[in-house]
file target_2.cif (mmCIF, C-alpha atoms)
data_work
#
loop_
_atom_site.label_atom_id
_atom_site.label_comp_id
_atom_site.auth_asym_id
_atom_site.auth_seq_id
_atom_site.Cartn_x
_atom_site.Cartn_y
_atom_site.Cartn_z
CA MET A 1 13.99 55.82 -11.61
CA GLU A 2 10.65 55.46 -13.38
CA ALA A 3 7.67 56.90 -11.52
CA ALA A 4 5.29 54.31 -10.05
CA VAL A 5 1.90 55.11 -8.54
CA SER A 6 -1.07 53.27 -7.06
CA LYS A 7 -3.91 52.00 -9.24
CA GLY A 8 -6.15 54.82 -8.06
CA ALA A 9 -3.55 57.47 -8.84
CA PHE A 10 -2.91 55.98 -12.29
CA ALA A 11 -6.66 55.94 -12.98
CA ALA A 12 -6.81 59.65 -12.14
CA LEU A 13 -3.85 60.35 -14.43
CA ILE A 14 -5.46 58.80 -17.49
CA GLY A 15 -9.03 59.84 -16.68
CA VAL A 16 -10.75 56.52 -15.96
CA SER A 17 -12.14 54.80 -12.88
CA PRO A 18 -9.98 52.56 -10.67
CA GLY A 19 -12.21 49.66 -11.66
CA ARG A 20 -11.34 50.25 -15.32
CA VAL A 21 -7.63 50.06 -14.46
CA SER A 22 -8.24 46.74 -12.69
CA GLN A 23 -10.01 45.55 -15.85
CA TYR A 24 -7.01 46.55 -17.98
CA LEU A 25 -4.76 44.53 -15.69
CA ALA A 26 -7.04 41.49 -15.73
CA GLU A 27 -7.32 41.59 -19.54
CA GLY A 28 -3.56 41.97 -19.98
CA LYS A 29 -3.86 45.40 -21.58
CA ILE A 30 -1.34 46.54 -18.96
CA ALA A 31 1.52 44.02 -18.95
CA PRO A 32 2.91 42.51 -15.71
CA ALA A 33 6.25 44.13 -16.59
CA SER A 34 4.57 47.50 -16.01
CA LEU A 35 3.90 46.66 -12.36
CA GLN A 36 6.16 47.28 -9.41
CA GLY A 37 5.57 44.76 -6.65
CA SER A 38 2.68 42.30 -6.48
CA GLY A 39 -0.74 41.82 -4.96
CA ARG A 40 -2.81 44.67 -3.54
CA SER A 41 0.27 46.76 -2.82
CA ALA A 42 1.53 46.59 -6.41
CA LYS A 43 2.14 49.94 -8.07
CA ILE A 44 1.90 50.83 -11.74
CA ILE A 45 4.92 52.16 -13.60
CA VAL A 46 3.31 55.14 -15.30
CA GLU A 47 5.13 55.42 -18.64
CA ARG A 48 5.30 51.66 -19.21
CA ALA A 49 1.58 51.25 -18.52
CA LYS A 50 0.71 54.16 -20.82
CA ALA A 51 2.80 52.62 -23.57
CA ASP A 52 0.95 49.32 -23.07
CA LEU A 53 -2.43 51.02 -23.37
CA ARG A 54 -1.42 52.97 -26.47
CA LEU A 55 -0.74 49.62 -28.13
CA THR A 56 -3.69 47.61 -26.78
CA LEU A 57 -6.56 50.13 -26.91
CA ASP A 58 -7.97 51.35 -30.19
CA ILE A 59 -9.33 54.87 -30.63
CA SER A 60 -12.99 53.98 -30.06
CA GLN A 61 -12.17 52.31 -26.75
CA ARG A 62 -10.11 55.26 -25.64
CA LEU A 63 -12.96 57.64 -26.50
CA GLY A 64 -15.57 55.51 -24.78
CA ASN A 65 -13.45 55.14 -21.65
CA GLY A 66 -12.76 58.85 -21.48
CA ILE A 67 -8.95 58.54 -21.70
CA GLU A 68 -8.84 61.23 -24.41
CA THR A 69 -5.24 62.50 -24.82
CA ARG A 70 -3.83 61.36 -21.48
CA LEU A 71 -1.81 58.47 -22.89
CA ASP A 72 0.67 60.73 -24.66
CA ALA A 73 4.25 60.04 -23.70
CA ASP A 74 4.92 63.70 -23.04
CA ASP A 75 1.93 64.09 -20.69
CA PRO A 76 2.92 66.71 -18.09
CA GLU A 77 1.23 64.60 -15.42
CA ALA A 78 3.24 61.49 -16.22
CA ASP A 79 5.62 61.85 -13.29
CA ALA A 80 3.13 61.50 -10.48
CA GLY A 81 3.97 63.16 -7.22
CA THR A 82 6.71 65.37 -8.68
CA ALA A 83 6.42 69.13 -8.51
CA ALA A 84 6.67 71.33 -11.61
CA PRO A 85 9.93 73.25 -12.12
CA GLN A 86 10.01 76.66 -10.48
CA ASP A 87 10.64 78.39 -13.80
CA ALA A 88 7.82 76.58 -15.61
CA ALA A 89 5.23 78.87 -17.18
CA PRO A 90 1.93 78.76 -15.26
CA ALA A 91 -1.08 77.32 -17.09
CA ARG A 92 -3.68 79.82 -18.16
CA GLU A 93 -6.45 79.80 -15.60
CA GLY A 94 -9.84 78.54 -16.70
CA ARG A 95 -8.62 77.10 -20.00
CA ALA A 96 -7.26 73.62 -20.64
CA PRO A 97 -4.62 73.19 -23.36
CA GLN A 98 -6.16 72.07 -26.63
CA PRO A 99 -4.54 68.97 -28.17
CA THR A 100 -3.59 69.09 -31.81
CA GLY A 101 -2.14 66.79 -34.43
CA VAL A 102 -3.28 63.94 -36.65
CA GLU A 103 -4.21 61.61 -33.80
CA TYR A 104 -6.51 64.25 -32.30
CA GLU A 105 -8.22 64.80 -35.67
CA ILE A 106 -8.78 61.05 -36.01
CA LYS A 107 -10.30 60.95 -32.53
CA GLN A 108 -12.64 63.84 -33.36
CA GLN A 109 -13.79 62.16 -36.56
CA LYS A 110 -14.34 58.87 -34.76
CA LEU A 111 -16.31 60.67 -32.05
CA GLU A 112 -18.53 62.35 -34.64
CA GLN A 113 -19.19 58.97 -36.27
CA LEU A 114 -20.28 57.52 -32.93
CA ARG A 115 -22.56 60.49 -32.26
CA ARG A 116 -24.10 60.22 -35.73
CA ALA A 117 -24.72 56.51 -35.21
CA ASN A 118 -26.46 57.26 -31.90
CA ARG A 119 -28.62 59.96 -33.50
CA ASN A 120 -29.61 57.65 -36.37
CA ALA A 121 -30.45 54.88 -33.91
CA ALA A 122 -32.64 57.26 -31.88
CA ILE A 123 -34.46 58.38 -35.05
CA ALA A 124 -35.02 54.77 -36.12
CA ASP A 125 -36.43 53.88 -32.69
CA ALA A 126 -38.77 56.90 -32.79
CA GLU A 127 -40.00 55.97 -36.26
CA ALA A 128 -40.59 52.35 -35.22
CA SER A 129 -42.61 53.42 -32.17
CA GLY A 130 -44.68 55.96 -34.13
CA THR A 131 -43.27 58.97 -32.24
CA LEU A 132 -41.67 60.32 -35.41
CA VAL A 133 -43.63 60.27 -38.67
CA GLU A 134 -43.34 61.98 -42.06
CA THR A 135 -45.66 64.98 -42.27
CA GLU A 136 -46.80 64.33 -45.84
CA ALA A 137 -47.42 60.63 -45.22
CA SER A 138 -49.43 61.40 -42.09
CA ARG A 139 -51.52 64.04 -43.89
CA ALA A 140 -52.23 61.71 -46.80
CA GLY A 141 -53.25 58.93 -44.43
CA MET A 142 -55.70 61.17 -42.56
CA MET A 143 -57.21 62.34 -45.86
CA ARG A 144 -57.80 58.73 -46.94
CA VAL A 145 -59.52 57.97 -43.64
CA ALA A 146 -61.76 61.04 -43.83
CA THR A 147 -62.67 60.43 -47.48
CA GLY A 148 -63.48 56.80 -46.78
CA MET A 149 -65.81 57.72 -43.91
CA MET A 150 -67.67 60.26 -46.07
CA LEU A 151 -68.15 57.68 -48.82
CA VAL A 152 -69.52 55.18 -46.32
CA PHE A 153 -72.04 57.68 -44.98
CA GLU A 154 -73.13 58.81 -48.44
CA GLY A 155 -73.44 55.24 -49.65
CA GLY A 156 -75.76 54.45 -46.75
CA LEU A 157 -78.26 57.16 -47.65
CA THR A 158 -80.18 54.81 -49.96
CA ASP A 159 -80.78 52.30 -47.17
CA LEU A 160 -81.80 55.11 -44.80
CA ALA A 161 -84.21 56.49 -47.40
CA ASN A 162 -85.77 53.06 -47.88
CA ALA A 163 -86.27 52.69 -44.14
CA VAL A 164 -87.81 56.17 -43.75
CA ALA A 165 -90.09 55.70 -46.79
CA ALA A 166 -91.37 52.37 -45.49
CA GLU A 167 -91.92 53.72 -41.98
CA PHE A 168 -93.82 56.87 -42.97
CA LYS A 169 -95.40 55.60 -46.20
CA VAL A 170 -93.79 58.28 -48.41
CA PRO A 171 -92.04 57.95 -51.79
CA GLN A 172 -88.50 56.62 -51.40
CA ARG A 173 -87.25 58.84 -54.23
CA ASP A 174 -88.36 62.02 -52.46
CA VAL A 175 -86.78 60.92 -49.20
CA LEU A 176 -83.47 60.07 -50.89
CA HIS A 177 -83.42 63.38 -52.73
CA LEU A 178 -83.94 65.26 -49.46
CA MET A 179 -81.29 63.29 -47.62
CA ARG A 180 -78.68 63.82 -50.33
CA ARG A 181 -79.37 67.56 -50.40
CA GLU A 182 -79.00 67.89 -46.65
CA PHE A 183 -75.92 65.63 -46.59
CA ARG A 184 -74.17 67.90 -49.11
CA LYS A 185 -74.76 70.85 -46.78
CA ILE A 186 -73.30 68.91 -43.85
CA ARG A 187 -70.31 67.77 -45.93
CA THR A 188 -69.57 71.33 -47.07
CA ALA A 189 -69.74 72.68 -43.53
CA ALA A 190 -67.52 69.86 -42.22
CA ALA A 191 -64.94 70.48 -44.96
CA LYS A 192 -64.75 74.19 -44.09
CA GLN A 193 -64.32 73.40 -40.39
CA ALA A 194 -61.61 70.83 -41.09
CA ALA A 195 -59.76 73.27 -43.36
CA ALA A 196 -59.84 75.98 -40.68
CA GLU A 197 -58.57 73.59 -38.00
CA GLY A 198 -55.84 72.30 -40.32
CA ALA A 199 -54.64 75.83 -41.11
CA ALA A 200 -54.29 76.54 -37.38
CA MET A 201 -52.13 73.47 -36.78
CA PRO A 202 -48.31 73.72 -37.01
CA GLU A 203 -46.53 71.99 -39.88
CA THR A 204 -44.35 70.07 -37.44
CA VAL A 205 -44.40 69.21 -33.73
CA GLU A 206 -41.11 69.27 -31.83
CA THR A 207 -40.05 65.88 -30.51
CA VAL A 208 -37.15 65.29 -28.14
CA LEU A 209 -35.24 62.10 -28.98
CA GLU A 210 -33.23 60.33 -26.30
CA ALA A 211 -29.79 59.35 -27.60
CA ASP A 212 -26.72 58.08 -25.77
CA GLU A 213 -24.42 61.05 -25.35
CA ILE A 214 -20.64 60.80 -25.73
CA SER A 215 -18.30 63.23 -24.01
CA THR A 216 -16.45 65.69 -26.21
CA VAL A 217 -12.73 65.11 -26.69
CA ASN A 218 -10.79 67.99 -25.16
#
call {"tool": "encode", "arguments": {"input": "target_2.cif", "output": "structure tokens"}}
result
Amino acid sequence: MEAAVSKGAFAALIGVSPGRVSQYLAEGKIAPASLQGSGRSAKIIVERAKADLRLTLDISQRLGNGIETRLDADDPEADAGTAAPQDAAPAREGRAPQPTGVEYEIKQQKLEQLRRANRNAAIADAEASGTLVETEASRAGMMRVATGMMLVFEGGLTDLANAVAAEFKVPQRDVLHLMRREFRKIRTAAAKQAAAEGAAMPETVETVLEADEISTVN
């Protein structure tokens, strides 16, 4: 007789929540023929239900739902409630058996694709919000800002010289000459200070990006 278990027990067998099993039933992913009884007391015929899910769930859904390799027909937990044979070899403590085969490789590749998509999405979000910027582009932008400010200040020296000359009744040419000489000293000192501060700064700043994590397939 085929083993039949409750919805909760079947959920534990395949590694999903009881609510997910109810969703499979409602969506027809587990066929009515895989049920024993009806209503709340209905039980799920294990191997039939697993066969249904192998047909109705694609790999990405199985990865996302955490079913992993528990839909295999030769799953040692398929016969719920039955004890293992006395002469069965005990499982190695602390280590779960590693699945192999083509299907497992496909699952691993699909999982890596999903992780890469999540990482790329996190990077795109960080770039859009300004959290992540290209170092060279940022440096070039700051240089343009600094150079523009210096040109504005230097270009305003003529107007300042005119104002000082008119106020103190001195030749405008002499005032402008003095201001330009002193401004060059200030500009040189500021450039040295900026260079020293820039040399002390790291090339990059570590940024932690939040990305949706996907469980590893065992």
call {"tool": "residues_around", "arguments": {"input": "target_2.cif", "residues": "Asp52 in chain A", "least_positions_apart": "3", "cutoff": "6 Å", "atoms": "all atoms listed in the file", "output": "PyMOL selection string"}}
result
chain A and resi 30+49+55
call {"tool": "residues_around", "arguments": {"input": "target_2.cif", "residues": "range 141-155 of chain A", "least_positions_apart": "6", "cutoff": "8 Å", "atoms": "only C-alpha atoms", "output": "PDB file with C-alpha atoms, in the frame of the given file"}}
result
ATOM      1  CA  ARG A 180     -78.680  63.820 -50.330  1.00  0.00           C
ATOM      2  CA  PHE A 183     -75.920  65.630 -46.590  1.00  0.00           C
ATOM      3  CA  ARG A 187     -70.310  67.770 -45.930  1.00  0.00           C
TER       4      ARG A 187
END
call {"tool": "residues_around", "arguments": {"input": "target_2.cif", "residues": "Gly28 in chain A", "least_positions_apart": "2", "cutoff": "12 Å", "atoms": "all atoms listed in the file", "output": "PDB file with C-alpha atoms, keeping the file's coordinate frame"}}
result
ATOM      1  CA  VAL A  21      -7.630  50.060 -14.460  1.00  0.00           C
ATOM      2  CA  SER A  22      -8.240  46.740 -12.690  1.00  0.00           C
ATOM      3  CA  GLN A  23     -10.010  45.550 -15.850  1.00  0.00           C
ATOM      4  CA  TYR A  24      -7.010  46.550 -17.980  1.00  0.00           C
ATOM      5  CA  LEU A  25      -4.760  44.530 -15.690  1.00  0.00           C
ATOM      6  CA  ALA A  26      -7.040  41.490 -15.730  1.00  0.00           C
ATOM      7  CA  ILE A  30      -1.340  46.540 -18.960  1.00  0.00           C
ATOM      8  CA  ALA A  31       1.520  44.020 -18.950  1.00  0.00           C
ATOM      9  CA  PRO A  32       2.910  42.510 -15.710  1.00  0.00           C
ATOM     10  CA  ALA A  33       6.250  44.130 -16.590  1.00  0.00           C
ATOM     11  CA  SER A  34       4.570  47.500 -16.010  1.00  0.00           C
ATOM     12  CA  LEU A  35       3.900  46.660 -12.360  1.00  0.00           C
ATOM     13  CA  ALA A  49       1.580  51.250 -18.520  1.00  0.00           C
ATOM     14  CA  ASP A  52       0.950  49.320 -23.070  1.00  0.00           C
ATOM     15  CA  LEU A  53      -2.430  51.020 -23.370  1.00  0.00           C
ATOM     16  CA  LEU A  55      -0.740  49.620 -28.130  1.00  0.00           C
ATOM     17  CA  THR A  56      -3.690  47.610 -26.780  1.00  0.00           C
ATOM     18  CA  LEU A  57      -6.560  50.130 -26.910  1.00  0.00           C
TER      19      LEU A  57
END
call {"tool": "atom_distance", "arguments": {"input": "target_2.cif", "atom1": "CA of Pro18 in chain A", "atom2": "CA of Ala3 in chain A"}}
result
18.2 Å
call {"tool": "atom_distance", "arguments": {"input": "target_2.cif", "atom1": "CA of Lys107 in chain A", "atom2": "CA of Ile123 in chain A"}}
result
24.4 Å
call {"tool": "atom_distance", "arguments": {"input": "target_2.cif", "atom1": "CA of Asn118 in chain A", "atom2": "CA of Arg20 in chain A"}}
result
23.5 Å
call {"tool": "resolve_selection", "arguments": {"input": "target_2.cif", "expression": "the PyMOL selection byres ((chain A and resi 172-179) around 9)", "output": "list in words"}}
result
Leu157, Thr158, Leu160, Ala161, Asn162, Ala163, Val164, Ala165, Ala166, Lys169, Val170, Pro171, Arg180, Arg181, Glu182, Phe183 and Arg184 of chain A
call {"tool": "axis_aligned_box", "arguments": {"input": "target_2.cif", "around": "range 112-121 of chain A", "padding_each_side": "5 Å", "output": "AutoDock Vina command-line options"}}
result
--center_x -24.5 --center_y 58.6 --center_z -34.1 --size_x 21.9 --size_y 17.5 --size_z 14.5
